[in-house]
Structure formats: C-alpha cells, structure tokens
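One file, start14.txt, is given below (compact mmCIF, N, CA and C atoms).
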# COMPACT_ATOMS: atom_id res chain seq x y z
N MET A 287 23.12 -8.46 15.00
CA MET A 287 21.77 -8.23 14.54
C MET A 287 21.41 -6.75 14.60
N GLN A 288 21.86 -6.08 15.63
CA GLN A 288 21.49 -4.68 15.81
C GLN A 288 22.17 -3.77 14.79
N PHE A 289 23.33 -4.17 14.28
CA PHE A 289 24.06 -3.30 13.38
C PHE A 289 23.49 -3.27 11.97
N TYR A 290 22.80 -4.33 11.60
CA TYR A 290 22.16 -4.36 10.29
C TYR A 290 20.66 -4.22 10.48
N ARG A 291 20.11 -3.24 9.83
CA ARG A 291 18.65 -3.10 9.88
C ARG A 291 18.18 -2.44 8.59
N PRO A 292 17.00 -2.77 8.18
CA PRO A 292 16.46 -2.13 6.98
C PRO A 292 16.23 -0.64 7.26
N ALA A 293 16.16 0.13 6.21
CA ALA A 293 15.99 1.58 6.34
C ALA A 293 14.57 1.94 6.75
N ARG A 294 14.49 2.86 7.69
CA ARG A 294 13.20 3.48 8.04
C ARG A 294 13.09 4.72 7.17
N THR A 295 12.14 4.73 6.28
CA THR A 295 12.04 5.85 5.34
C THR A 295 10.70 6.57 5.46
N ASN A 296 10.75 7.83 5.20
CA ASN A 296 9.56 8.65 5.04
C ASN A 296 9.81 9.50 3.79
N PRO A 297 9.47 8.95 2.62
CA PRO A 297 9.70 9.73 1.40
C PRO A 297 8.94 11.05 1.47
N PRO A 298 9.42 12.06 0.77
CA PRO A 298 8.70 13.34 0.76
C PRO A 298 7.31 13.15 0.14
N THR A 299 6.37 13.90 0.64
CA THR A 299 5.00 13.83 0.13
C THR A 299 4.72 15.04 -0.74
N ASP A 300 4.32 14.78 -1.97
CA ASP A 300 3.86 15.82 -2.87
C ASP A 300 2.36 15.99 -2.59
N GLN A 301 1.98 17.08 -1.99
CA GLN A 301 0.60 17.29 -1.56
C GLN A 301 -0.40 17.21 -2.70
N THR A 302 0.03 17.40 -3.94
CA THR A 302 -0.89 17.32 -5.08
C THR A 302 -1.19 15.87 -5.46
N ARG A 303 -0.46 14.91 -4.88
CA ARG A 303 -0.65 13.50 -5.20
C ARG A 303 -1.40 12.73 -4.11
N THR A 304 -1.79 13.38 -3.04
CA THR A 304 -2.41 12.70 -1.90
C THR A 304 -3.87 12.36 -2.16
N LEU A 305 -4.41 11.49 -1.34
CA LEU A 305 -5.83 11.15 -1.43
C LEU A 305 -6.69 12.40 -1.29
N GLY A 306 -6.35 13.25 -0.33
CA GLY A 306 -7.14 14.46 -0.11
C GLY A 306 -7.13 15.42 -1.28
N ALA A 307 -6.06 15.41 -2.07
CA ALA A 307 -5.97 16.27 -3.24
C ALA A 307 -6.70 15.67 -4.44
N ARG A 308 -6.90 14.36 -4.41
CA ARG A 308 -7.48 13.66 -5.56
C ARG A 308 -8.95 13.29 -5.39
N ALA A 309 -9.43 13.32 -4.16
CA ALA A 309 -10.82 12.92 -3.89
C ALA A 309 -11.32 13.71 -2.68
N PRO A 310 -12.62 13.92 -2.60
CA PRO A 310 -13.14 14.61 -1.42
C PRO A 310 -13.00 13.73 -0.18
N VAL A 311 -12.39 14.29 0.85
CA VAL A 311 -12.21 13.57 2.11
C VAL A 311 -12.77 14.44 3.23
N ALA A 312 -13.83 13.97 3.86
CA ALA A 312 -14.43 14.72 4.96
C ALA A 312 -13.43 14.84 6.11
N PRO A 313 -13.51 15.92 6.89
CA PRO A 313 -12.57 16.10 7.99
C PRO A 313 -12.55 14.93 8.98
N GLU A 314 -13.71 14.34 9.26
CA GLU A 314 -13.71 13.21 10.21
C GLU A 314 -13.03 11.99 9.61
N SER A 315 -13.15 11.78 8.31
CA SER A 315 -12.44 10.68 7.66
C SER A 315 -10.94 10.93 7.65
N ALA A 316 -10.54 12.16 7.38
CA ALA A 316 -9.12 12.51 7.39
C ALA A 316 -8.52 12.30 8.77
N ALA A 317 -9.28 12.64 9.81
CA ALA A 317 -8.79 12.46 11.19
C ALA A 317 -8.58 10.99 11.51
N VAL A 318 -9.48 10.12 11.06
CA VAL A 318 -9.33 8.68 11.30
C VAL A 318 -8.12 8.15 10.55
N LEU A 319 -7.96 8.55 9.29
CA LEU A 319 -6.80 8.12 8.52
C LEU A 319 -5.50 8.53 9.22
N LYS A 320 -5.47 9.74 9.71
CA LYS A 320 -4.25 10.23 10.37
C LYS A 320 -3.98 9.46 11.66
N ARG A 321 -5.01 9.21 12.44
CA ARG A 321 -4.84 8.57 13.75
C ARG A 321 -4.59 7.07 13.65
N ALA A 322 -5.29 6.40 12.73
CA ALA A 322 -5.26 4.93 12.73
C ALA A 322 -4.54 4.30 11.54
N CYS A 323 -4.31 5.06 10.48
CA CYS A 323 -3.77 4.46 9.25
C CYS A 323 -2.42 5.04 8.83
N ARG A 324 -2.13 6.25 9.25
CA ARG A 324 -0.96 6.99 8.77
C ARG A 324 0.35 6.23 8.89
N ASP A 325 0.60 5.60 10.02
CA ASP A 325 1.91 5.00 10.25
C ASP A 325 2.27 3.91 9.23
N CYS A 326 1.29 3.21 8.71
CA CYS A 326 1.59 2.13 7.76
C CYS A 326 1.13 2.42 6.34
N HIS A 327 0.30 3.43 6.14
CA HIS A 327 -0.28 3.66 4.82
C HIS A 327 -0.05 5.06 4.29
N SER A 328 1.06 5.68 4.70
CA SER A 328 1.41 7.00 4.17
C SER A 328 2.92 7.17 4.26
N HIS A 329 3.39 8.30 3.80
CA HIS A 329 4.81 8.63 3.91
C HIS A 329 5.09 9.41 5.19
N ASP A 330 4.13 9.48 6.07
CA ASP A 330 4.25 10.27 7.30
C ASP A 330 4.33 9.39 8.55
N THR A 331 5.01 8.27 8.44
CA THR A 331 5.14 7.34 9.55
C THR A 331 5.83 8.00 10.73
N GLU A 332 5.26 7.83 11.90
CA GLU A 332 5.94 8.23 13.13
C GLU A 332 6.58 6.96 13.68
N TRP A 333 7.90 6.88 13.56
CA TRP A 333 8.63 5.67 13.94
C TRP A 333 8.78 5.61 15.45
N PRO A 334 8.22 4.58 16.10
CA PRO A 334 8.36 4.46 17.56
C PRO A 334 9.79 4.05 17.95
N TRP A 335 10.12 4.24 19.19
CA TRP A 335 11.47 3.94 19.68
C TRP A 335 11.88 2.51 19.38
N TYR A 336 10.92 1.58 19.48
CA TYR A 336 11.26 0.17 19.30
C TYR A 336 11.54 -0.17 17.83
N SER A 337 11.30 0.77 16.92
CA SER A 337 11.66 0.52 15.52
C SER A 337 13.16 0.67 15.30
N ASN A 338 13.89 0.97 16.38
CA ASN A 338 15.35 1.04 16.34
C ASN A 338 16.02 -0.20 16.93
N VAL A 339 15.23 -1.12 17.46
CA VAL A 339 15.78 -2.27 18.18
C VAL A 339 15.51 -3.56 17.41
N ALA A 340 16.60 -4.19 16.96
CA ALA A 340 16.47 -5.47 16.26
C ALA A 340 16.13 -6.56 17.27
N PRO A 341 15.37 -7.55 16.91
CA PRO A 341 14.78 -7.82 15.61
C PRO A 341 13.41 -7.19 15.42
N VAL A 342 12.90 -6.49 16.44
CA VAL A 342 11.59 -5.85 16.32
C VAL A 342 11.59 -4.84 15.18
N SER A 343 12.71 -4.15 14.99
CA SER A 343 12.80 -3.14 13.93
C SER A 343 12.51 -3.76 12.56
N TRP A 344 12.97 -4.98 12.33
CA TRP A 344 12.74 -5.62 11.04
C TRP A 344 11.25 -5.86 10.83
N PHE A 345 10.58 -6.30 11.88
CA PHE A 345 9.15 -6.57 11.82
C PHE A 345 8.37 -5.28 11.54
N VAL A 346 8.70 -4.21 12.26
CA VAL A 346 7.99 -2.94 12.11
C VAL A 346 8.22 -2.35 10.72
N ILE A 347 9.46 -2.31 10.29
CA ILE A 347 9.77 -1.73 8.98
C ILE A 347 9.13 -2.54 7.87
N ASP A 348 9.12 -3.86 8.00
CA ASP A 348 8.46 -4.70 7.01
C ASP A 348 6.96 -4.41 6.95
N HIS A 349 6.33 -4.24 8.11
CA HIS A 349 4.90 -3.93 8.13
C HIS A 349 4.61 -2.61 7.44
N VAL A 350 5.42 -1.60 7.71
CA VAL A 350 5.21 -0.30 7.08
C VAL A 350 5.40 -0.41 5.57
N ASN A 351 6.47 -1.03 5.14
CA ASN A 351 6.71 -1.18 3.70
C ASN A 351 5.59 -1.97 3.03
N HIS A 352 5.14 -3.01 3.69
CA HIS A 352 4.05 -3.83 3.16
C HIS A 352 2.75 -3.00 3.09
N GLY A 353 2.46 -2.27 4.17
CA GLY A 353 1.26 -1.44 4.19
C GLY A 353 1.27 -0.40 3.08
N ARG A 354 2.40 0.27 2.91
CA ARG A 354 2.50 1.28 1.85
C ARG A 354 2.34 0.67 0.47
N SER A 355 2.78 -0.56 0.29
CA SER A 355 2.68 -1.19 -1.02
C SER A 355 1.23 -1.54 -1.38
N HIS A 356 0.39 -1.71 -0.37
CA HIS A 356 -1.01 -2.06 -0.63
C HIS A 356 -1.93 -0.86 -0.72
N PHE A 357 -1.62 0.19 0.00
CA PHE A 357 -2.53 1.34 0.10
C PHE A 357 -1.69 2.49 0.64
N ASN A 358 -1.45 3.50 -0.19
CA ASN A 358 -0.63 4.62 0.26
C ASN A 358 -1.37 5.92 -0.06
N TYR A 359 -1.98 6.51 0.94
CA TYR A 359 -2.74 7.72 0.66
C TYR A 359 -1.88 8.96 0.50
N SER A 360 -0.57 8.83 0.69
CA SER A 360 0.34 9.94 0.38
C SER A 360 0.66 10.01 -1.12
N ASP A 361 0.45 8.92 -1.84
CA ASP A 361 0.73 8.89 -3.27
C ASP A 361 -0.47 8.31 -4.02
N TRP A 362 -1.62 8.88 -3.76
CA TRP A 362 -2.88 8.39 -4.33
C TRP A 362 -2.91 8.55 -5.85
N ALA A 363 -2.15 9.48 -6.39
CA ALA A 363 -2.16 9.73 -7.83
C ALA A 363 -1.66 8.53 -8.63
N LYS A 364 -0.96 7.61 -7.99
CA LYS A 364 -0.47 6.44 -8.73
C LYS A 364 -1.59 5.45 -9.04
N TYR A 365 -2.75 5.61 -8.43
CA TYR A 365 -3.89 4.72 -8.68
C TYR A 365 -4.84 5.37 -9.67
N ASP A 366 -5.33 4.58 -10.64
CA ASP A 366 -6.37 5.11 -11.50
C ASP A 366 -7.69 5.07 -10.72
N ALA A 367 -8.74 5.62 -11.29
CA ALA A 367 -10.02 5.73 -10.58
C ALA A 367 -10.56 4.37 -10.14
N GLU A 368 -10.44 3.38 -11.01
CA GLU A 368 -10.95 2.05 -10.68
C GLU A 368 -10.18 1.42 -9.52
N GLU A 369 -8.84 1.53 -9.57
CA GLU A 369 -8.01 0.96 -8.51
C GLU A 369 -8.24 1.71 -7.20
N GLY A 370 -8.34 3.02 -7.27
CA GLY A 370 -8.59 3.81 -6.06
C GLY A 370 -9.92 3.42 -5.42
N SER A 371 -10.94 3.25 -6.23
CA SER A 371 -12.25 2.84 -5.72
C SER A 371 -12.17 1.47 -5.06
N ARG A 372 -11.46 0.55 -5.70
CA ARG A 372 -11.31 -0.80 -5.15
C ARG A 372 -10.56 -0.76 -3.82
N LEU A 373 -9.52 0.06 -3.73
CA LEU A 373 -8.76 0.17 -2.49
C LEU A 373 -9.59 0.75 -1.35
N LEU A 374 -10.40 1.76 -1.66
CA LEU A 374 -11.25 2.34 -0.62
C LEU A 374 -12.33 1.36 -0.17
N GLU A 375 -12.87 0.61 -1.11
CA GLU A 375 -13.85 -0.43 -0.75
C GLU A 375 -13.21 -1.49 0.14
N LYS A 376 -11.99 -1.90 -0.20
CA LYS A 376 -11.28 -2.91 0.58
C LYS A 376 -10.94 -2.37 1.97
N ALA A 377 -10.55 -1.09 2.06
CA ALA A 377 -10.26 -0.48 3.36
C ALA A 377 -11.50 -0.51 4.25
N CYS A 378 -12.63 -0.22 3.68
CA CYS A 378 -13.90 -0.27 4.42
C CYS A 378 -14.17 -1.69 4.91
N GLU A 379 -14.02 -2.64 4.02
CA GLU A 379 -14.27 -4.04 4.36
C GLU A 379 -13.35 -4.51 5.49
N LEU A 380 -12.06 -4.21 5.38
CA LEU A 380 -11.10 -4.63 6.40
C LEU A 380 -11.39 -3.96 7.75
N ALA A 381 -11.77 -2.69 7.71
CA ALA A 381 -12.10 -1.99 8.96
C ALA A 381 -13.36 -2.59 9.58
N ARG A 382 -14.38 -2.84 8.77
CA ARG A 382 -15.63 -3.45 9.28
C ARG A 382 -15.38 -4.82 9.90
N ASN A 383 -14.46 -5.58 9.32
CA ASN A 383 -14.17 -6.92 9.81
C ASN A 383 -13.18 -6.94 10.96
N GLY A 384 -12.69 -5.78 11.37
CA GLY A 384 -11.73 -5.70 12.47
C GLY A 384 -10.33 -6.18 12.09
N GLU A 385 -10.06 -6.24 10.78
CA GLU A 385 -8.75 -6.70 10.32
C GLU A 385 -7.75 -5.56 10.17
N MET A 386 -8.24 -4.33 10.15
CA MET A 386 -7.39 -3.15 10.09
C MET A 386 -7.91 -2.16 11.12
N PRO A 387 -7.00 -1.49 11.80
CA PRO A 387 -5.57 -1.72 11.80
C PRO A 387 -5.27 -3.13 12.27
N LEU A 388 -4.07 -3.60 11.91
CA LEU A 388 -3.69 -4.95 12.29
C LEU A 388 -3.83 -5.15 13.80
N PRO A 389 -4.40 -6.26 14.22
CA PRO A 389 -4.57 -6.50 15.66
C PRO A 389 -3.25 -6.42 16.45
N VAL A 390 -2.12 -6.73 15.83
CA VAL A 390 -0.83 -6.66 16.51
C VAL A 390 -0.40 -5.20 16.73
N TYR A 391 -0.92 -4.28 15.94
CA TYR A 391 -0.57 -2.86 16.02
C TYR A 391 -1.30 -2.14 17.15
N VAL A 392 -2.54 -2.49 17.35
CA VAL A 392 -3.42 -1.75 18.27
C VAL A 392 -2.95 -1.74 19.73
N PRO A 393 -2.44 -2.83 20.30
CA PRO A 393 -2.01 -2.77 21.71
C PRO A 393 -0.94 -1.71 21.98
N MET A 394 -0.03 -1.51 21.03
CA MET A 394 1.01 -0.50 21.21
C MET A 394 0.55 0.89 20.78
N HIS A 395 -0.58 0.96 20.08
CA HIS A 395 -1.14 2.22 19.58
C HIS A 395 -2.64 2.24 19.84
N PRO A 396 -3.06 2.31 21.11
CA PRO A 396 -4.48 2.20 21.42
C PRO A 396 -5.34 3.28 20.77
N ASP A 397 -4.75 4.42 20.43
CA ASP A 397 -5.52 5.46 19.76
C ASP A 397 -5.91 5.06 18.34
N ALA A 398 -5.31 4.00 17.81
CA ALA A 398 -5.66 3.51 16.48
C ALA A 398 -6.89 2.62 16.49
N ARG A 399 -7.33 2.22 17.67
CA ARG A 399 -8.53 1.37 17.77
C ARG A 399 -9.71 2.11 17.13
N LEU A 400 -10.46 1.41 16.29
CA LEU A 400 -11.56 2.04 15.57
C LEU A 400 -12.90 1.81 16.26
N SER A 401 -13.61 2.90 16.45
CA SER A 401 -15.00 2.82 16.92
C SER A 401 -15.89 2.59 15.71
N GLN A 402 -17.16 2.37 15.94
CA GLN A 402 -18.09 2.21 14.82
C GLN A 402 -18.15 3.50 14.01
N ALA A 403 -18.09 4.65 14.66
CA ALA A 403 -18.09 5.93 13.95
C ALA A 403 -16.83 6.07 13.07
N ASP A 404 -15.70 5.59 13.57
CA ASP A 404 -14.47 5.62 12.79
C ASP A 404 -14.59 4.73 11.55
N VAL A 405 -15.13 3.54 11.74
CA VAL A 405 -15.32 2.63 10.61
C VAL A 405 -16.24 3.28 9.58
N ASP A 406 -17.31 3.88 10.05
CA ASP A 406 -18.24 4.56 9.14
C ASP A 406 -17.55 5.68 8.38
N ALA A 407 -16.66 6.42 9.05
CA ALA A 407 -15.92 7.50 8.40
C ALA A 407 -15.01 6.95 7.30
N ILE A 408 -14.37 5.82 7.56
CA ILE A 408 -13.54 5.18 6.53
C ILE A 408 -14.41 4.72 5.37
N CYS A 409 -15.53 4.13 5.68
CA CYS A 409 -16.40 3.60 4.63
C CYS A 409 -17.01 4.72 3.78
N ARG A 410 -17.15 5.91 4.33
CA ARG A 410 -17.67 7.03 3.54
C ARG A 410 -16.67 7.51 2.50
N LEU A 411 -15.42 7.08 2.58
CA LEU A 411 -14.42 7.44 1.57
C LEU A 411 -14.74 6.78 0.23
N HIS A 412 -15.37 5.60 0.30
CA HIS A 412 -15.70 4.86 -0.93
C HIS A 412 -16.99 5.42 -1.52
N PRO A 413 -16.93 5.85 -2.78
CA PRO A 413 -18.13 6.46 -3.39
C PRO A 413 -19.25 5.46 -3.60
For this file, write the structure as structure tokens.
Amino acid sequence: MQFYRPARTNPPTDQTRTLGARAPVAPESAAVLKRACRDCHSHDTEWPWYSNVAPVSWFVIDHVNHGRSHFNYSDWAKYDAEEGSRLLEKACELARNGEMPLPVYVPMHPDARLSQADVDAICRLHP
C-alpha cells in the first residue's frame, strides 16, 4: 500500500491568473484564504507529513484534488465572471454554515478555524 500513492502536486501558479489578479481582494480576505483555504483550493498546498503515509495519503491527496476542482483561486482566470461570482457566493455560504473548511481538516489545522470576522472577510469577496 505504501509503495503506490497518488501524486502530490503543486502546479506552478501564473500570478496573472489568480483571484487577486482578477478581482479586488482586501488584505484581510487574502489572509483568511491563505490561512484556511490555501491547502485545498490553490496550487500552493503545504503537504503535511502524514500525506506521505498510506492510506491517509490517498485521503489527503483526494481532498486536495477535489477541492481544487471545485474552487481554485490560483487559476481564477479559468472562470468567467458569472461562474466566479457563483463560486464566491458558494464559498460564503459554506463558510457561514460551518461546512468549510471541512470539519475533518480543522482538528489537524486549528489555524484554519474560522471566526465570524473570517467568515465576513470571505463573504466580502462576493460582489
């Protein structure tokens, strides 16, 4: 099991394609995205040690790949204005409902826990 594992990838980020390059992002919103969303929703994942240990590695890598497929602020240019707006609205809704970050993620990453101010900062991303 340990010898076969999916690839942990961090594709290069073209800074002209990021959310921050495509839309105004307040510094406090950018800080929340970096602290609580980056690992699963960007190309800048910081892979924890346990992402090298099967079968946990499969679970972690799948979560990151799944997260990037739904919302990737490192490649925001791939979304048109309507899709980008919908994604930001959904991010706000999920944060308000306590569904993001995933409850399974927060115990291992307590700094990702969102305060009400953090949720408000995420929700301000949606125009």
> Which polymer residues, protein or nucleic acid, are no farther than 12 Å from (9.4, 5.2, 18.4), counting only C-alpha atoms, as a ChimeraX atom specification?
Replying inline: /A:294,325,331-339,342-343,346-347,394-395
>> Just to confirm, what's the straight-line distance from atom CA of A:Ser355 to atom CA of A:His327 in Å (one decimal)?
In response: 8.1 Å
>> Just want the 8 Å neighbourhood of A:Cys326, counted on all atoms listed in the file, with same-chain residues fewer than 3 positions away dropped. Output as a PyMOL selection string.
In response: chain A and resi 322-323+329-332+349-359
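Across the model, the gap from atom N of A:Trp344 to atom N of A:Pro387 is 20.3 Å.
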Kindly list the centre and edge lengths in Å, rounded to one decimal, for the axis-aligned box that covers all listed atoms of stretch 314-317 of chain A plus 8 Å on each of its six sides, as JSON.
{"center_x": -11.1, "center_y": 12.5, "center_z": 9.4, "size_x": 21.2, "size_y": 19.7, "size_z": 20.1}
Residues of stretch 323-379 of chain A at most 6 Å from stretch 305-314 of chain A: nearest atom pair and distance in Å, only N, CA and C atoms, as JSON lines:
{"residue": "A:Tyr359", "atom": "C", "partner": "A:Leu305", "partner_atom": "N", "distance": 4.0}
{"residue": "A:Ser360", "atom": "N", "partner": "A:Leu305", "partner_atom": "N", "distance": 5.1}
{"residue": "A:Asp361", "atom": "N", "partner": "A:Leu305", "partner_atom": "N", "distance": 5.5}
{"residue": "A:Trp362", "atom": "N", "partner": "A:Leu305", "partner_atom": "N", "distance": 4.5}
{"residue": "A:Ala363", "atom": "N", "partner": "A:Leu305", "partner_atom": "N", "distance": 5.9}
>> Quick check, in Å to one decimal: how far apart do atom C of A:Tyr290 and atom CA of A:Asp348 lie?
In response: 12.7 Å
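Nearest-residue note for A:Leu374: choosing from A:Leu411, A:Gln301, A:Leu400, A:Tyr391, the minimum distance belongs to A:Leu411, counting only C-alpha atoms.
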> From the set A:Lys320, A:Arg303, A:Arg291, A:His412, which residue has the shortest atom-to-atom contact distance to A:Phe345, counting only C-alpha atoms?
Replying inline: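 Residue with the minimum atom-to-atom distance to A:Phe345: A:Arg291.
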Reconstruct stretch 332-344 of chain A at the level of N, CA, C and O atoms, and format the result as a PDB file, keeping the file's coordinate frame.
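Result file selection_20.pdb:
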ATOM      1  N   GLU A 332       5.260   7.830  11.900  1.00  0.00           N
ATOM      2  CA  GLU A 332       5.940   8.230  13.130  1.00  0.00           C
ATOM      3  C   GLU A 332       6.580   6.960  13.680  1.00  0.00           C
ATOM      4  O   GLU A 332       5.887   6.072  14.167  1.00  0.00           O
ATOM      5  N   TRP A 333       7.900   6.880  13.560  1.00  0.00           N
ATOM      6  CA  TRP A 333       8.630   5.670  13.940  1.00  0.00           C
ATOM      7  C   TRP A 333       8.780   5.610  15.450  1.00  0.00           C
ATOM      8  O   TRP A 333       9.395   6.490  16.044  1.00  0.00           O
ATOM      9  N   PRO A 334       8.220   4.580  16.100  1.00  0.00           N
ATOM     10  CA  PRO A 334       8.360   4.460  17.560  1.00  0.00           C
ATOM     11  C   PRO A 334       9.790   4.050  17.950  1.00  0.00           C
ATOM     12  O   PRO A 334      10.556   3.553  17.126  1.00  0.00           O
ATOM     13  N   TRP A 335      10.120   4.240  19.190  1.00  0.00           N
ATOM     14  CA  TRP A 335      11.470   3.940  19.680  1.00  0.00           C
ATOM     15  C   TRP A 335      11.880   2.510  19.380  1.00  0.00           C
ATOM     16  O   TRP A 335      13.020   2.235  19.043  1.00  0.00           O
ATOM     17  N   TYR A 336      10.920   1.580  19.480  1.00  0.00           N
ATOM     18  CA  TYR A 336      11.260   0.170  19.300  1.00  0.00           C
ATOM     19  C   TYR A 336      11.540  -0.170  17.830  1.00  0.00           C
ATOM     20  O   TYR A 336      12.015  -1.259  17.544  1.00  0.00           O
ATOM     21  N   SER A 337      11.300   0.770  16.920  1.00  0.00           N
ATOM     22  CA  SER A 337      11.660   0.520  15.520  1.00  0.00           C
ATOM     23  C   SER A 337      13.160   0.670  15.300  1.00  0.00           C
ATOM     24  O   SER A 337      13.658   0.471  14.200  1.00  0.00           O
ATOM     25  N   ASN A 338      13.890   0.970  16.380  1.00  0.00           N
ATOM     26  CA  ASN A 338      15.350   1.040  16.340  1.00  0.00           C
ATOM     27  C   ASN A 338      16.020  -0.200  16.930  1.00  0.00           C
ATOM     28  O   ASN A 338      17.247  -0.285  16.961  1.00  0.00           O
ATOM     29  N   VAL A 339      15.230  -1.120  17.460  1.00  0.00           N
ATOM     30  CA  VAL A 339      15.780  -2.270  18.180  1.00  0.00           C
ATOM     31  C   VAL A 339      15.510  -3.560  17.410  1.00  0.00           C
ATOM     32  O   VAL A 339      14.362  -3.961  17.229  1.00  0.00           O
ATOM     33  N   ALA A 340      16.600  -4.190  16.960  1.00  0.00           N
ATOM     34  CA  ALA A 340      16.470  -5.470  16.260  1.00  0.00           C
ATOM     35  C   ALA A 340      16.130  -6.560  17.270  1.00  0.00           C
ATOM     36  O   ALA A 340      16.540  -6.482  18.415  1.00  0.00           O
ATOM     37  N   PRO A 341      15.370  -7.550  16.910  1.00  0.00           N
ATOM     38  CA  PRO A 341      14.780  -7.820  15.610  1.00  0.00           C
ATOM     39  C   PRO A 341      13.410  -7.190  15.420  1.00  0.00           C
ATOM     40  O   PRO A 341      12.830  -7.295  14.342  1.00  0.00           O
ATOM     41  N   VAL A 342      12.900  -6.490  16.440  1.00  0.00           N
ATOM     42  CA  VAL A 342      11.590  -5.850  16.320  1.00  0.00           C
ATOM     43  C   VAL A 342      11.590  -4.840  15.180  1.00  0.00           C
ATOM     44  O   VAL A 342      10.601  -4.701  14.456  1.00  0.00           O
ATOM     45  N   SER A 343      12.710  -4.150  14.990  1.00  0.00           N
ATOM     46  CA  SER A 343      12.800  -3.140  13.930  1.00  0.00           C
ATOM     47  C   SER A 343      12.510  -3.760  12.560  1.00  0.00           C
ATOM     48  O   SER A 343      11.846  -3.142  11.727  1.00  0.00           O
ATOM     49  N   TRP A 344      12.970  -4.980  12.330  1.00  0.00           N
ATOM     50  CA  TRP A 344      12.740  -5.620  11.040  1.00  0.00           C
ATOM     51  C   TRP A 344      11.250  -5.860  10.830  1.00  0.00           C
ATOM     52  O   TRP A 344      10.732  -5.658   9.738  1.00  0.00           O
TER      53      TRP A 344
END
